[in-house]
Amino acid sequence: MEKPKLLKNEPSITYFTKNGLYLNVTNRCDNKCIFCLSNFSQGLKQYNLMLQQDPGLNEVWQDVFDKASGRNFEEIVYCGFGEPLLRLDDIVSPLSPRLKQEFSKPIRVDTNGHVLYHYSNRNIPKELVGVGVSRISVSLNAENCQVYNKLCRPNFIKNEEDSQAYELLLKFISQCFNQPGLKTEATAVDFPEGVLPRGIPVPDMEKCEKVAHDLGVSLRVRTYQGPRIRRV
Ligand code: SF4
């Protein structure tokens, strides 16, 4: 992998991109995607997203309040260099109602969809709607578990044939789709030819679209914009 590009400014919790106010609430993740932006860069645009530690609730709230008050944006999105639902109980649940009250904007979560691995007995989509989240984007990224495991490398699978992570992700998408008040989409990354290293399968967008469609949701495809991935 290429070394991350260094940004000298302070780490950002709150950042602005694509007409949204984005919240970078952890750098922890239970995937290790070979295409993760954090493999190649310290951040996005001028924002350094490499946190020194997980910020506390008051720290996140103060940062949002200071940076977002008086600014125009269309939605609030939990999405950064990490998996935001790893902070479900200490950030997303307590913070979202305050965000809703202060800014009156739709709140979206961008997630890898593994949350059922951590909270198998909870109705997470219902909880999210209950705290004010109205949109969710779940990274599908592959048409089957073999491709998914090679691309996204979940840290809790036993081997590359282990379908647990992919099945939990599909189940979570289906639960979200069936939750009233939660607009759900699946997402996938389309890789230009020659970008992925040898031995890594290129996900098939048509097949991904069919998987998403069978779950009842649409697929939003993003084209990979990073450098060629040379080593895994
Ligand atoms: S799920 Fe997202 S944050 Fe986690 S490694 Fe993959 S791209 Fe990075």
# chains A, B, ... in the order shown; residues from 1 in each chain; ligands from 1

$ select_by_dssp --residues "region 33-187 of chain A" --states "helix (DSSP H, G or I)" --output "PyMOL selection string"
chain A and resi 37-39+57-68+84-103+115-118+124-130+145-152+164-177

$ residues_near_ligand --ligand "ligand 1" --cutoff "9 Å" --atoms "only C-alpha atoms and all ligand atoms" --output "list in words"
Asn27, Arg28, Cys29, Asp30, Asn31, Lys32, Cys33, Ile34, Phe35, Cys36, Leu37, Ser38, Asn39, Cys79, Gly80, Phe81, Gly82, Glu83, Pro84, Asp110, Thr111, Asn112, Gly113, Ser139, Leu151, Cys152, Arg153 and Pro154 of chain A

$ closest_residue --among "A:Gly70, A:Arg222, A:Ile13, A:Leu168" --to "Phe156 (chain A)" --atoms "only C-alpha atoms"
A:Leu168

$ closest_residue --among "A:Asn149, A:Asn155, A:Gln175, A:Asn58" --to "Ile200 (chain A)" --atoms "only C-alpha atoms"
A:Asn149

$ select_by_dssp --residues "chain A" --states "strand (DSSP E or B)" --output "ChimeraX atom specification"
/A:5,11,14-17,20-23,41,43-44,47-48,75-78,80,82,107-111,133-139,183-190,218-223

$ write_last_selection --atoms "N, CA and C atoms" --output "short mmCIF file (atom, residue, chain, number, x, y, z; two decimals), in the first residue's frame"
data_model
loop_
_atom_site.label_atom_id
_atom_site.label_comp_id
_atom_site.auth_asym_id
_atom_site.auth_seq_id
_atom_site.Cartn_x
_atom_site.Cartn_y
_atom_site.Cartn_z
N LYS A 5 -1.07 10.07 2.70
CA LYS A 5 -0.62 11.45 2.50
C LYS A 5 -0.77 12.20 3.81
N PRO A 11 -6.82 16.89 13.69
CA PRO A 11 -7.87 15.95 13.26
C PRO A 11 -9.25 16.57 13.34
N THR A 14 -15.89 16.99 12.75
CA THR A 14 -16.90 17.49 11.82
C THR A 14 -16.24 17.90 10.52
N TYR A 15 -16.79 17.48 9.39
CA TYR A 15 -16.28 17.95 8.11
C TYR A 15 -17.43 18.13 7.14
N PHE A 16 -17.20 18.90 6.11
CA PHE A 16 -18.27 19.23 5.15
C PHE A 16 -17.87 18.76 3.76
N THR A 17 -18.77 18.00 3.15
CA THR A 17 -18.55 17.56 1.77
C THR A 17 -19.90 17.21 1.16
N GLY A 20 -23.24 18.02 2.68
CA GLY A 20 -23.59 17.41 3.96
C GLY A 20 -22.62 17.81 5.06
N LEU A 21 -23.13 17.71 6.27
CA LEU A 21 -22.28 17.85 7.46
C LEU A 21 -21.95 16.42 7.88
N TYR A 22 -20.69 16.06 7.86
CA TYR A 22 -20.27 14.69 8.13
C TYR A 22 -19.62 14.58 9.51
N LEU A 23 -19.86 13.46 10.16
CA LEU A 23 -19.32 13.26 11.50
C LEU A 23 -18.39 12.05 11.52
N SER A 41 -4.64 7.84 2.43
CA SER A 41 -4.71 9.27 2.71
C SER A 41 -5.01 9.49 4.18
N GLY A 43 -6.89 11.94 5.05
CA GLY A 43 -8.17 12.62 5.16
C GLY A 43 -8.82 12.85 3.83
N LEU A 44 -9.71 13.83 3.83
CA LEU A 44 -10.51 14.14 2.65
C LEU A 44 -10.46 15.65 2.46
N TYR A 47 -9.48 18.15 5.19
CA TYR A 47 -9.78 17.63 6.52
C TYR A 47 -8.90 16.43 6.87
N ASN A 48 -8.24 16.52 7.99
CA ASN A 48 -7.48 15.40 8.54
C ASN A 48 -8.45 14.53 9.36
N GLU A 75 -27.91 17.55 4.77
CA GLU A 75 -28.12 16.38 5.63
C GLU A 75 -26.94 16.25 6.58
N ILE A 76 -27.15 15.46 7.61
CA ILE A 76 -26.09 15.14 8.57
C ILE A 76 -25.77 13.66 8.39
N VAL A 77 -24.49 13.34 8.25
CA VAL A 77 -24.11 11.96 7.93
C VAL A 77 -23.04 11.46 8.90
N TYR A 78 -23.31 10.34 9.55
CA TYR A 78 -22.28 9.67 10.34
C TYR A 78 -21.43 8.86 9.38
N GLY A 80 -16.98 8.39 8.50
CA GLY A 80 -15.61 8.92 8.58
C GLY A 80 -14.63 7.82 8.28
N GLY A 82 -13.89 5.10 9.70
CA GLY A 82 -14.21 4.06 10.67
C GLY A 82 -15.69 3.74 10.58
N ILE A 107 -30.97 12.89 9.04
CA ILE A 107 -29.73 12.27 9.56
C ILE A 107 -29.57 10.91 8.89
N ARG A 108 -28.36 10.68 8.36
CA ARG A 108 -28.06 9.41 7.67
C ARG A 108 -26.88 8.72 8.35
N VAL A 109 -26.91 7.41 8.33
CA VAL A 109 -25.74 6.64 8.79
C VAL A 109 -25.16 5.90 7.59
N ASP A 110 -23.86 6.02 7.40
CA ASP A 110 -23.12 5.23 6.40
C ASP A 110 -22.45 4.08 7.15
N THR A 111 -22.82 2.85 6.85
CA THR A 111 -22.32 1.74 7.67
C THR A 111 -21.88 0.56 6.84
N VAL A 133 -32.72 9.06 13.15
CA VAL A 133 -32.05 8.71 11.89
C VAL A 133 -33.13 8.32 10.87
N SER A 134 -33.10 8.90 9.67
CA SER A 134 -34.14 8.62 8.68
C SER A 134 -33.59 8.03 7.39
N ARG A 135 -32.26 7.94 7.28
CA ARG A 135 -31.66 7.40 6.05
C ARG A 135 -30.48 6.51 6.45
N ILE A 136 -30.30 5.44 5.69
CA ILE A 136 -29.12 4.61 5.96
C ILE A 136 -28.54 4.09 4.65
N SER A 137 -27.22 4.15 4.53
CA SER A 137 -26.51 3.62 3.36
C SER A 137 -25.64 2.48 3.86
N VAL A 138 -25.89 1.29 3.32
CA VAL A 138 -25.16 0.11 3.79
C VAL A 138 -24.24 -0.37 2.67
N SER A 139 -22.96 -0.54 2.99
CA SER A 139 -21.98 -0.94 1.97
C SER A 139 -22.13 -2.42 1.66
N LYS A 183 -35.17 5.28 5.17
CA LYS A 183 -34.90 5.15 3.73
C LYS A 183 -33.55 4.44 3.57
N THR A 184 -33.60 3.30 2.91
CA THR A 184 -32.41 2.43 2.90
C THR A 184 -31.88 2.25 1.48
N GLU A 185 -30.56 2.36 1.34
CA GLU A 185 -29.91 2.07 0.06
C GLU A 185 -28.69 1.20 0.33
N ALA A 186 -28.35 0.40 -0.66
CA ALA A 186 -27.08 -0.33 -0.61
C ALA A 186 -26.10 0.44 -1.48
N THR A 187 -24.81 0.30 -1.18
CA THR A 187 -23.80 0.97 -2.00
C THR A 187 -22.73 -0.05 -2.40
N ALA A 188 -22.03 0.27 -3.47
CA ALA A 188 -20.91 -0.58 -3.89
C ALA A 188 -19.89 0.28 -4.61
N VAL A 189 -18.66 -0.18 -4.59
CA VAL A 189 -17.58 0.54 -5.25
C VAL A 189 -17.24 -0.19 -6.55
N ASP A 190 -17.25 0.57 -7.64
CA ASP A 190 -16.91 0.02 -8.95
C ASP A 190 -15.44 0.34 -9.23
N SER A 218 -32.37 -0.06 -3.56
CA SER A 218 -31.60 0.29 -4.76
C SER A 218 -30.11 0.24 -4.42
N LEU A 219 -29.31 0.15 -5.47
CA LEU A 219 -27.85 0.14 -5.30
C LEU A 219 -27.29 1.45 -5.83
N ARG A 220 -26.53 2.14 -5.00
CA ARG A 220 -25.82 3.34 -5.46
C ARG A 220 -24.36 2.94 -5.68
N VAL A 221 -23.90 3.14 -6.91
CA VAL A 221 -22.53 2.73 -7.26
C VAL A 221 -21.62 3.94 -7.26
N ARG A 222 -20.50 3.80 -6.55
CA ARG A 222 -19.48 4.86 -6.55
C ARG A 222 -18.27 4.33 -7.30
N THR A 223 -17.67 5.17 -8.13
CA THR A 223 -16.47 4.73 -8.84
C THR A 223 -15.25 4.99 -7.95
#

$ closest_residue --among "A:Glu161, A:Tyr166, A:Cys145, A:Leu182" --to "Glu127 (chain A)" --atoms "only C-alpha atoms"
A:Leu182
